[in-house]
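**Q** my_file.cif (mmCIF, C-alpha atoms) pasted underneath:
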```cif
data_data
#
loop_
_atom_site.label_atom_id
_atom_site.label_comp_id
_atom_site.auth_asym_id
_atom_site.auth_seq_id
_atom_site.Cartn_x
_atom_site.Cartn_y
_atom_site.Cartn_z
CA MET A 1 0.00 0.00 0.00
CA ALA A 2 2.82 2.39 0.83
CA GLN A 3 4.43 1.67 -2.50
CA ASN A 4 1.14 2.37 -4.31
CA GLY A 5 0.82 5.66 -2.42
CA ARG A 6 4.29 6.70 -3.54
CA LEU A 7 3.45 5.80 -7.13
CA HIS A 8 0.31 7.91 -7.06
CA LEU A 9 2.21 10.79 -5.48
CA LEU A 10 4.93 10.67 -8.13
CA ALA A 11 2.34 10.48 -10.90
CA GLY A 12 0.49 13.45 -9.43
CA LEU A 13 3.67 15.50 -9.17
CA ALA A 14 4.54 14.67 -12.78
CA LEU A 15 1.14 15.85 -13.94
CA VAL A 16 1.39 19.08 -11.94
CA LEU A 17 4.85 19.83 -13.32
CA LEU A 18 3.74 19.16 -16.86
CA LEU A 19 0.68 21.36 -16.52
CA GLY A 20 2.80 24.12 -15.07
CA THR A 21 4.87 24.19 -18.24
CA GLY A 22 1.78 25.10 -20.22
CA ALA A 23 1.43 28.56 -18.66
CA SER A 24 1.21 31.15 -21.44
CA ALA A 25 3.41 34.18 -21.70
CA GLU A 26 2.16 37.77 -21.67
CA GLU A 27 -0.51 38.42 -24.27
CA GLY A 28 1.27 41.21 -26.17
CA PRO A 29 -0.32 43.42 -28.87
CA ARG A 30 -3.75 42.67 -30.32
CA PHE A 31 -4.73 42.65 -34.00
CA PRO A 32 -8.17 43.60 -35.37
CA ILE A 33 -9.08 40.91 -37.95
CA GLU A 34 -11.05 42.33 -40.84
CA SER A 35 -11.36 39.04 -42.74
CA ILE A 36 -10.05 35.44 -42.77
CA THR A 37 -8.99 33.64 -45.94
CA PHE A 38 -7.62 30.14 -46.56
CA ALA A 39 -4.95 29.29 -49.13
CA GLY A 40 -4.77 25.70 -50.36
CA ALA A 41 -8.12 24.64 -48.88
CA SER A 42 -11.28 23.69 -50.72
CA ALA A 43 -14.53 25.54 -50.07
CA LYS A 44 -15.95 22.67 -47.99
CA SER A 45 -12.83 22.19 -45.88
CA ALA A 46 -12.53 25.98 -45.37
CA ALA A 47 -15.90 25.98 -43.56
CA ILE A 48 -14.60 23.30 -41.16
CA LEU A 49 -11.28 25.09 -40.68
CA LEU A 50 -13.04 28.33 -39.78
CA ALA A 51 -15.36 26.56 -37.33
CA GLU A 52 -12.47 24.77 -35.61
CA SER A 53 -10.41 27.96 -35.37
CA ARG A 54 -13.15 29.57 -33.21
CA LEU A 55 -12.16 32.92 -34.76
CA ARG A 56 -14.64 35.52 -35.92
CA GLU A 57 -14.14 38.29 -38.45
CA GLY A 58 -14.36 41.75 -36.91
CA GLU A 59 -12.89 40.61 -33.58
CA THR A 60 -9.50 41.51 -32.07
CA TYR A 61 -6.98 38.79 -31.17
CA ALA A 62 -3.51 38.51 -29.67
CA GLU A 63 -0.82 36.59 -31.54
CA ALA A 64 -1.11 33.76 -28.99
CA ASP A 65 -4.82 33.46 -29.82
CA LEU A 66 -4.03 33.20 -33.53
CA ARG A 67 -1.38 30.54 -32.93
CA ASP A 68 -3.80 28.50 -30.81
CA ALA A 69 -6.43 28.79 -33.53
CA VAL A 70 -4.04 27.59 -36.25
CA ALA A 71 -2.89 24.74 -33.97
CA ARG A 72 -6.52 23.60 -33.69
CA MET A 73 -6.71 23.52 -37.49
CA ASP A 74 -3.39 21.67 -37.64
CA ARG A 75 -4.81 18.93 -35.42
CA LEU A 76 -7.63 18.13 -37.86
CA PRO A 77 -7.17 14.66 -39.40
CA PHE A 78 -7.25 15.92 -43.00
CA VAL A 79 -4.68 18.72 -42.44
CA LEU A 80 -1.00 17.96 -42.95
CA ASP A 81 0.29 21.45 -42.20
CA ALA A 82 -1.18 24.88 -41.38
CA ASP A 83 0.50 28.26 -40.93
CA PHE A 84 -0.65 31.88 -40.92
CA ARG A 85 0.42 35.40 -41.76
CA LEU A 86 -1.13 38.84 -41.29
CA GLU A 87 -1.64 41.20 -44.24
CA LYS A 88 -2.86 44.78 -44.29
CA GLY A 89 -6.62 45.17 -44.56
CA SER A 90 -8.69 47.66 -46.57
CA VAL A 91 -8.78 50.06 -43.60
CA ARG A 92 -5.82 51.40 -41.67
CA GLY A 93 -5.23 49.38 -38.52
CA GLN A 94 -7.20 46.36 -39.81
CA TYR A 95 -5.62 43.03 -40.83
CA VAL A 96 -6.42 40.10 -43.09
CA LEU A 97 -5.57 36.70 -41.55
CA VAL A 98 -4.27 34.38 -44.29
CA VAL A 99 -4.06 30.70 -43.29
CA SER A 100 -1.97 28.49 -45.61
CA VAL A 101 -3.15 24.88 -45.49
CA THR A 102 -1.71 21.65 -46.90
CA GLU A 103 -4.34 18.92 -46.89
CA THR A 104 -3.88 15.17 -47.05
CA LEU A 105 -4.99 13.28 -50.14
CA PRO A 106 -8.52 11.79 -50.19
CA LEU A 107 -7.00 8.28 -50.19
CA PHE A 108 -4.28 7.44 -47.66
CA VAL A 109 -2.16 4.54 -46.43
CA SER A 110 -0.45 3.80 -43.16
CA PHE A 111 2.04 1.09 -42.24
CA ASN A 112 4.01 0.74 -39.01
CA SER A 113 6.34 -2.11 -38.12
CA LEU A 114 7.72 -2.73 -34.62
CA GLN A 115 10.54 -5.13 -33.82
CA HIS A 116 10.87 -5.70 -30.09
CA TRP A 117 13.11 -7.65 -27.75
CA VAL A 118 11.83 -8.51 -24.25
CA ASP A 119 14.11 -9.42 -21.35
CA THR A 120 11.99 -12.11 -19.68
CA VAL A 121 12.37 -13.56 -16.19
CA ARG A 122 11.66 -17.26 -15.72
CA VAL A 123 11.82 -19.51 -12.67
CA ALA A 124 14.84 -21.73 -13.25
CA ASP A 125 14.94 -23.80 -10.07
CA ILE A 126 13.37 -24.06 -6.64
CA GLN A 127 15.90 -25.40 -4.18
CA ALA A 128 14.81 -27.36 -1.16
CA SER A 129 15.23 -25.75 2.23
CA ALA A 130 14.44 -26.46 5.86
CA PRO A 131 10.70 -26.71 6.71
CA ASP A 132 10.72 -23.43 8.64
CA GLU A 133 12.56 -21.49 5.92
CA ALA A 134 11.34 -20.01 2.66
CA PRO A 135 12.45 -21.89 -0.48
CA VAL A 136 15.32 -20.47 -2.49
CA ILE A 137 14.13 -19.54 -5.99
CA GLU A 138 16.56 -18.93 -8.83
CA TYR A 139 15.56 -16.87 -11.86
CA ALA A 140 16.90 -17.07 -15.40
CA HIS A 141 16.88 -14.20 -17.89
CA GLY A 142 16.22 -14.65 -21.58
CA ILE A 143 15.69 -12.40 -24.58
CA GLU A 144 12.55 -13.03 -26.61
CA HIS A 145 12.07 -11.41 -30.03
CA GLY A 146 8.73 -10.45 -31.55
CA ASN A 147 7.25 -8.26 -34.25
CA GLU A 148 4.06 -6.30 -34.77
CA ASP A 149 2.81 -4.88 -38.07
CA LEU A 150 -0.12 -2.49 -38.42
CA GLY A 151 -1.44 -1.40 -41.80
CA THR A 152 -4.34 0.79 -42.94
CA VAL A 153 -5.79 1.78 -46.31
CA GLY A 154 -8.57 4.34 -46.20
CA GLY A 155 -10.17 7.44 -47.56
CA ARG A 156 -12.18 10.50 -46.57
CA TRP A 157 -14.66 12.60 -48.50
CA PHE A 158 -16.23 15.95 -47.59
CA PHE A 159 -19.96 15.46 -47.31
CA GLY A 160 -22.46 18.24 -46.71
CA ALA A 161 -21.66 21.69 -45.32
CA ARG A 162 -19.35 20.61 -42.47
CA GLY A 163 -19.24 16.84 -42.67
CA VAL A 164 -16.57 14.26 -43.52
CA ALA A 165 -17.29 10.63 -44.42
CA HIS A 166 -14.43 8.18 -43.88
CA ALA A 167 -13.75 4.47 -44.40
CA ALA A 168 -10.72 2.26 -43.79
CA VAL A 169 -9.44 -1.32 -43.84
CA ASP A 170 -7.02 -2.21 -41.02
CA TYR A 171 -4.75 -5.22 -40.78
CA SER A 172 -2.53 -6.26 -37.90
CA SER A 173 -0.19 -9.19 -37.34
CA CYS A 174 2.44 -10.20 -34.84
CA GLY A 175 4.78 -13.11 -34.37
CA GLY A 176 3.20 -15.86 -32.29
CA CYS A 177 -0.29 -14.31 -32.36
CA PRO A 178 -3.34 -16.22 -33.58
CA SER A 179 -4.49 -15.48 -37.09
CA ARG A 180 -5.76 -11.94 -37.61
CA PHE A 181 -8.31 -10.78 -40.17
CA PRO A 182 -8.79 -7.36 -41.72
CA ARG A 183 -11.12 -4.96 -39.95
CA VAL A 184 -13.39 -2.76 -42.05
CA SER A 185 -14.72 0.49 -40.61
CA ALA A 186 -16.85 3.34 -41.90
CA GLY A 187 -17.98 6.54 -40.24
CA TYR A 188 -19.11 10.12 -40.46
CA THR A 189 -17.91 13.20 -38.58
CA ARG A 190 -19.94 16.39 -38.33
CA TYR A 191 -18.17 19.60 -37.29
CA ASP A 192 -19.77 22.72 -35.80
CA VAL A 193 -23.09 21.02 -35.06
CA LEU A 194 -25.91 23.62 -35.07
CA GLY A 195 -23.27 26.37 -35.01
CA SER A 196 -22.17 25.37 -31.49
CA GLY A 197 -18.60 24.36 -32.36
CA ALA A 198 -19.35 20.81 -31.16
CA THR A 199 -18.15 17.76 -33.11
CA VAL A 200 -20.04 14.46 -33.39
CA SER A 201 -18.55 11.30 -34.90
CA VAL A 202 -20.12 7.89 -35.57
CA VAL A 203 -18.02 4.84 -36.52
CA ALA A 204 -19.00 1.23 -37.20
CA GLN A 205 -16.42 -1.55 -37.49
CA PHE A 206 -16.69 -5.12 -38.78
CA ARG A 207 -14.13 -7.64 -37.54
CA SER A 208 -14.15 -11.26 -38.68
CA ALA A 209 -12.06 -13.62 -36.56
CA SER A 210 -11.41 -17.26 -35.68
CA PHE A 211 -10.44 -18.73 -32.35
CA ASP A 212 -9.45 -22.15 -30.99
CA LEU A 213 -11.76 -24.42 -29.02
CA PRO A 214 -10.75 -27.45 -26.89
CA ALA A 215 -11.18 -30.46 -29.17
CA THR A 216 -11.55 -32.69 -26.09
CA PHE A 217 -15.02 -31.32 -25.42
CA THR A 218 -16.37 -30.30 -28.82
CA GLY A 219 -14.65 -32.42 -31.44
CA ASP A 220 -13.84 -29.21 -33.33
CA THR A 221 -10.60 -27.29 -33.01
CA GLU A 222 -11.69 -23.97 -34.46
CA ALA A 223 -14.75 -21.76 -34.50
CA SER A 224 -15.34 -18.53 -36.36
CA LEU A 225 -17.54 -15.48 -36.04
CA SER A 226 -18.52 -13.22 -38.89
CA ASP A 227 -20.42 -10.63 -36.89
CA ARG A 228 -17.86 -9.20 -34.49
CA LEU A 229 -19.22 -5.68 -34.73
CA ALA A 230 -18.22 -2.55 -32.85
CA TYR A 231 -19.92 0.85 -32.76
CA GLN A 232 -18.63 4.13 -31.39
CA LEU A 233 -20.36 7.46 -30.88
CA THR A 234 -18.23 10.45 -29.82
CA ALA A 235 -19.28 14.02 -29.07
CA ALA A 236 -16.82 16.82 -28.19
CA VAL A 237 -17.94 20.25 -27.00
CA PRO A 238 -15.49 23.20 -26.75
CA LEU A 239 -15.67 25.16 -23.52
CA PHE A 240 -13.22 28.08 -23.43
CA GLY A 241 -9.70 28.63 -24.70
CA ASN A 242 -8.28 25.20 -25.48
CA GLU A 243 -10.58 23.27 -23.13
CA ALA A 244 -13.21 20.76 -24.26
CA VAL A 245 -15.42 18.00 -22.90
CA ARG A 246 -15.68 14.71 -24.77
CA ALA A 247 -18.19 11.89 -24.26
CA THR A 248 -17.77 8.45 -25.88
CA LEU A 249 -20.08 5.43 -26.07
CA TYR A 250 -18.59 2.19 -27.40
CA ARG A 251 -20.20 -1.22 -27.96
CA GLN A 252 -18.28 -4.31 -29.03
CA THR A 253 -19.55 -7.81 -29.86
CA ASP A 254 -17.15 -10.62 -28.96
CA PRO A 255 -17.31 -14.36 -28.34
CA PHE A 256 -17.33 -15.68 -24.79
CA SER A 257 -16.59 -19.39 -24.31
CA TYR A 258 -17.16 -21.41 -21.14
CA MET A 259 -17.59 -25.02 -20.06
CA VAL A 260 -20.85 -26.39 -18.69
CA LYS A 261 -21.94 -29.80 -17.42
CA GLU A 262 -24.41 -31.75 -19.52
CA GLY A 263 -25.11 -35.00 -17.77
CA LEU A 264 -21.86 -36.81 -17.20
CA THR A 265 -19.89 -34.83 -19.79
CA SER A 266 -18.62 -31.27 -20.16
CA VAL A 267 -19.14 -29.19 -23.27
CA VAL A 268 -17.93 -25.77 -24.38
CA ARG A 269 -20.50 -23.14 -25.19
CA VAL A 270 -19.77 -20.01 -27.18
CA GLU A 271 -22.03 -16.98 -26.91
CA ARG A 272 -21.91 -13.59 -28.61
CA LEU A 273 -21.96 -10.94 -25.92
CA HIS A 274 -22.00 -7.14 -25.98
CA TYR A 275 -19.34 -5.21 -24.08
CA ASP A 276 -20.26 -1.57 -23.45
CA THR A 277 -17.91 1.26 -22.49
CA ALA A 278 -18.82 4.86 -21.66
CA SER A 279 -16.33 7.62 -20.87
CA LEU A 280 -16.41 11.32 -20.09
CA SER A 281 -13.19 13.33 -20.49
CA TRP A 282 -11.97 16.85 -19.82
CA LEU A 283 -9.41 17.81 -22.48
CA HIS A 284 -6.77 20.52 -22.83
CA ASP A 285 -4.62 20.69 -25.97
CA THR A 286 -2.27 23.32 -27.37
CA THR A 287 -0.07 20.97 -29.41
CA ASN A 288 0.55 21.74 -33.08
CA ASP A 289 0.05 18.29 -34.63
CA PRO A 290 -2.03 15.17 -33.83
CA SER A 291 0.65 12.68 -34.93
CA PHE A 292 4.06 14.39 -34.55
CA PRO A 293 3.67 17.34 -32.16
CA THR A 294 6.76 19.47 -31.55
CA ARG A 295 5.39 22.11 -29.14
CA GLY A 296 2.53 22.64 -26.75
CA THR A 297 0.83 20.89 -23.84
CA SER A 298 -1.95 18.34 -23.71
CA TRP A 299 -3.73 16.70 -20.80
CA ARG A 300 -6.80 14.55 -20.27
CA VAL A 301 -8.77 13.43 -17.21
CA SER A 302 -11.38 10.72 -17.78
CA VAL A 303 -13.96 8.69 -15.88
CA GLU A 304 -14.90 5.41 -17.53
CA ALA A 305 -17.57 2.74 -17.05
CA ARG A 306 -17.15 -0.57 -18.84
CA ASP A 307 -18.73 -4.01 -18.81
CA ARG A 308 -16.88 -7.08 -17.63
CA ILE A 309 -18.18 -10.61 -18.16
CA GLN A 310 -17.72 -13.04 -15.25
CA LEU A 311 -18.81 -16.62 -14.72
CA ARG A 312 -21.34 -17.08 -11.91
CA ASN A 313 -22.87 -20.52 -11.28
CA GLY A 314 -21.75 -21.69 -14.70
CA SER A 315 -23.33 -18.79 -16.63
CA PRO A 316 -21.88 -15.50 -17.89
CA LEU A 317 -22.80 -12.49 -15.76
CA ARG A 318 -22.28 -8.85 -16.73
CA GLU A 319 -20.54 -6.59 -14.20
CA ARG A 320 -19.89 -2.85 -14.48
CA ASP A 321 -16.47 -1.36 -13.63
CA ARG A 322 -15.96 2.33 -12.92
CA ASP A 323 -12.40 3.43 -13.53
CA LEU A 324 -10.25 6.55 -13.83
CA SER A 325 -7.50 7.58 -16.19
CA ALA A 326 -5.34 10.67 -16.65
CA ALA A 327 -2.55 11.65 -19.03
CA ALA A 328 -0.39 14.73 -19.59
CA ALA A 329 2.40 15.58 -22.03
CA HIS A 330 4.50 18.60 -22.94
CA TYR A 331 6.62 19.25 -26.03
CA TRP A 332 9.52 21.71 -26.20
CA GLU A 333 10.62 22.95 -29.63
CA LEU A 334 14.42 23.30 -29.45
CA THR A 335 14.79 24.32 -33.10
CA PRO A 336 12.35 24.20 -36.04
CA ALA A 337 13.60 20.64 -36.64
CA GLN A 338 14.17 19.31 -33.08
CA SER A 339 11.98 18.84 -30.04
CA LEU A 340 11.85 17.17 -26.60
CA PHE A 341 8.94 15.36 -25.00
CA ALA A 342 7.91 14.34 -21.46
CA GLY A 343 4.69 12.73 -20.31
CA ALA A 344 2.93 10.62 -17.70
CA GLU A 345 -0.23 8.49 -17.63
CA LEU A 346 -2.33 6.76 -14.95
CA GLN A 347 -4.89 4.04 -15.70
CA THR A 348 -7.06 1.93 -13.36
CA LEU A 349 -8.87 -1.31 -14.23
CA SER A 350 -11.45 -3.67 -12.71
CA ASP A 351 -13.24 -1.03 -10.64
CA ARG A 352 -9.94 0.59 -9.59
CA GLU A 353 -8.61 -2.70 -8.18
CA PHE A 354 -5.64 -2.64 -10.55
CA ARG A 355 -3.58 0.36 -11.62
CA GLU A 356 -0.76 1.21 -13.99
CA VAL A 357 1.49 4.29 -14.10
CA ARG A 358 3.61 5.27 -17.10
CA ALA A 359 6.21 8.02 -17.30
CA GLY A 360 8.41 8.73 -20.28
CA ALA A 361 10.57 11.20 -22.18
CA GLY A 362 11.89 11.45 -25.69
CA TYR A 363 13.63 13.36 -28.47
CA ALA A 364 12.53 13.85 -32.09
CA ALA A 365 14.20 15.42 -35.12
CA SER A 366 13.17 16.09 -38.71
CA LEU A 367 15.96 14.79 -40.95
CA TRP A 368 15.08 16.78 -44.09
CA ASP A 369 15.07 20.48 -44.80
CA ARG A 370 11.92 22.43 -45.63
CA ASP A 371 12.22 21.93 -49.40
CA HIS A 372 12.49 18.13 -49.08
CA VAL A 373 9.63 18.06 -46.57
CA LEU A 374 7.33 19.91 -48.98
CA ARG A 375 8.37 17.67 -51.88
CA TYR A 376 8.63 14.19 -50.31
CA GLY A 377 7.15 14.48 -46.81
CA ASP A 378 8.58 14.71 -43.30
CA LEU A 379 11.23 12.10 -42.44
CA ARG A 380 11.38 12.00 -38.65
CA PHE A 381 13.68 10.22 -36.16
CA GLU A 382 12.51 9.57 -32.61
CA LEU A 383 14.08 8.26 -29.41
CA ARG A 384 11.87 7.45 -26.43
CA ALA A 385 12.31 5.85 -22.98
CA GLU A 386 9.47 4.86 -20.69
CA ARG A 387 9.08 3.42 -17.20
CA VAL A 388 5.95 1.40 -16.39
CA THR A 389 4.85 0.42 -12.90
CA SER A 390 1.78 -1.78 -12.57
CA ASP A 391 -0.14 -3.56 -9.85
CA TYR A 392 -2.24 -6.45 -11.15
CA GLY A 393 -2.32 -8.42 -7.93
CA SER A 394 1.48 -8.23 -7.63
CA ALA A 395 3.62 -5.16 -8.29
CA THR A 396 5.99 -5.18 -11.26
CA ALA A 397 8.00 -2.50 -13.01
CA TYR A 398 9.87 -2.42 -16.29
CA GLY A 399 11.40 0.02 -18.71
CA THR A 400 11.41 0.39 -22.48
CA ALA A 401 13.84 2.04 -24.89
CA ARG A 402 12.66 2.74 -28.42
CA ALA A 403 14.13 4.20 -31.61
CA GLY A 404 12.22 4.70 -34.82
CA LEU A 405 11.92 6.37 -38.22
CA ALA A 406 8.70 7.62 -39.79
CA LEU A 407 7.99 9.20 -43.18
CA ARG A 408 4.78 11.20 -43.42
CA GLY A 409 3.40 12.87 -46.51
CA ARG A 410 0.06 13.82 -48.01
CA TRP A 411 -0.44 10.14 -48.93
CA GLY A 412 -0.05 8.79 -45.38
CA VAL A 413 2.58 7.45 -42.95
CA VAL A 414 5.20 4.67 -43.07
CA GLY A 415 7.19 3.92 -39.93
CA MET A 416 9.57 1.39 -38.41
CA ALA A 417 10.75 1.16 -34.81
CA LEU A 418 13.07 -1.00 -32.69
CA GLN A 419 12.21 -1.50 -29.02
CA TYR A 420 13.86 -3.14 -26.03
CA VAL A 421 11.89 -4.02 -22.90
CA GLY A 422 13.88 -4.82 -19.77
CA TRP A 423 15.02 -3.83 -16.29
CA ARG A 424 12.17 -5.87 -14.88
CA THR A 425 11.76 -5.93 -11.10
CA ARG A 426 9.64 -8.17 -8.93
CA ALA A 427 7.84 -7.26 -5.71
CA GLU A 428 8.87 -9.13 -2.59
#
```
Could you quickly redo this structure as structure tokens?

**A**
Amino acid sequence: MAQNGRLHLLAGLALVLLLGTGASAEEGPRFPIESITFAGASAKSAAILLAESRLREGETYAEADLRDAVARMDRLPFVLDADFRLEKGSVRGQYVLVVSVTETLPLFVSFNSLQHWVDTVRVADIQASAPDEAPVIEYAHGIEHGNEDLGTVGGRWFFGARGVAHAAVDYSSCGGCPSRFPRVSAGYTRYDVLGSGATVSVVAQFRSASFDLPATFTGDTEASLSDRLAYQLTAAVPLFGNEAVRATLYRQTDPFSYMVKEGLTSVVRVERLHYDTASLSWLHDTTNDPSFPTRGTSWRVSVEARDRIQLRNGSPLRERDRDLSAAAAHYWELTPAQSLFAGAELQTLSDREFREVRAGAGYAASLWDRDHVLRYGDLRFELRAERVTSDYGSATAYGTARAGLALRGRWGVVGMALQYVGWRTRAE
């Protein structure tokens, strides 16, 4: 318990320190904005960009306000890069805000490959000892190698005044995992709902899968489901500045297998059950990019309720867990091409019975100059280290070191990373 208290204290201090770094500087001069124009954006995307900026023509803004507004545009999923400049207006003392936007292509691809090595701890031998003494346990270390590949092919299309329809096919595989099947998803996102600035998104996903069954009881070794469906509804409402509230409802259909007695024999039954998750989050975000941020602060505090299926008297029973999670991160831009990162995250599970704390830091650098970035995309190198402390009945802690390259352009993202997991400790 004392150790858990220290972990929570350290996590809380990390969050406080990170939030403190987000304090803004003095406001400085203000600029009356006569009009707002967008360069490189279509008419339909310009309406979404203006809504997300939360700027209004005829109002006066400080430079920090304009940078925050452009950062909000930069975080849109169909925006690759956004920047702004001020030009003289038609009246002395008035300005025209010109936002230059580079959008992603309607069709996109994504592929990320991770090669990882895990320093495992195994029980090698239990030596006999006197009856009144604890046994002597020897541990052996070994390095296990694995790989994970994640790929996506998708597209997005502007639909209606401030809507975007999107669809994608995802595929994942890893060494030693059971067979994986592509997942197909389709959704629709509506921005600035009823002129409120709120965003609503609906996504449906189809996942076909197979899984093994004990042949001893059923005579079959494999079963398959073709209706593993998932649905997600998300609504985000801006509050003030860079604050927002987000609510998410998620339903997933999965198989649940269990053994039951039928006469003198046991059989395995498989049922399709719904797992529901609901979360409410308070968000703060001043970062300049959703995928590769180089400056700004983000934090999130969430309360979550999710279903858990347990076996009671031989039948599945639905239980509801209520958990908490929090995360914070800050990015420092050292130069236009280099940045540092630090962050922390807390997550509880099973009605706050289990908890996990993550803290990490990293360095990122763009390897190409501006001309190459505009022509070929952004080639980025990243180093990251993370320490994870978890309590799932027994306390464990381990660290990770990761190095990777990623190339991002208007067409999508391709990345590769190498990761080592080690320095594992075991609670007494």

**Q** I'd like the neighbourhood of Trp411 of chain A as a list in words, where a residue qualifies if any of its atoms comes within 7 Å (using only C-alpha atoms), though same-chain residues fewer than 3 positions away should be ignored.

**A**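 Selected residues are Thr104, Leu105, Leu107, Phe108 and Val109 of chain A.
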
**Q** Taking only C-alpha atoms into account, which of A:Ala51, A:Leu114, A:Leu233, A:Val270 comes nearest Arg162 of chain A?

**A**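 Answer, going by the shortest atom-to-atom distance: A:Ala51.
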
**Q** Quick one: everything within 7 Å of Leu80 of chain A, counting all atoms listed in the file, minus sequence neighbours fewer than 3 positions away in the same chain. Send it as a ChimeraX atom specification.

**A** /A:74,102-104,410

**Q** For a test of reading the model, state the distance in Å between atom CA of Gln310 of chain A and atom CA of Ala204 of chain A, rounded to one decimal.

**A**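 The value is 26.2 Å.
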
**Q** Between A:Tyr275, A:Glu34, A:Glu243, A:Ala406, which has the minimum distance to Arg318 of chain A (counting all atoms listed in the file)?

**A**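 Selected residue with least distance to Arg318 of chain A: A:Tyr275.
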
**Q** Got a sec: who's within 12 Å of Gly377 of chain A, counting only C-alpha atoms, leaving out chain neighbours fewer than 4 positions off, as a PyMOL selection string?

**A** chain A and resi 80-81+102+104+366-373+406-414

**Q** Do you have the atom CA of Gly187 of chain A-atom CA of Ala247 of chain A distance handy?

**A**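 We find that atom CA of Gly187 of chain A and atom CA of Ala247 of chain A lie 16.9 Å from each other.
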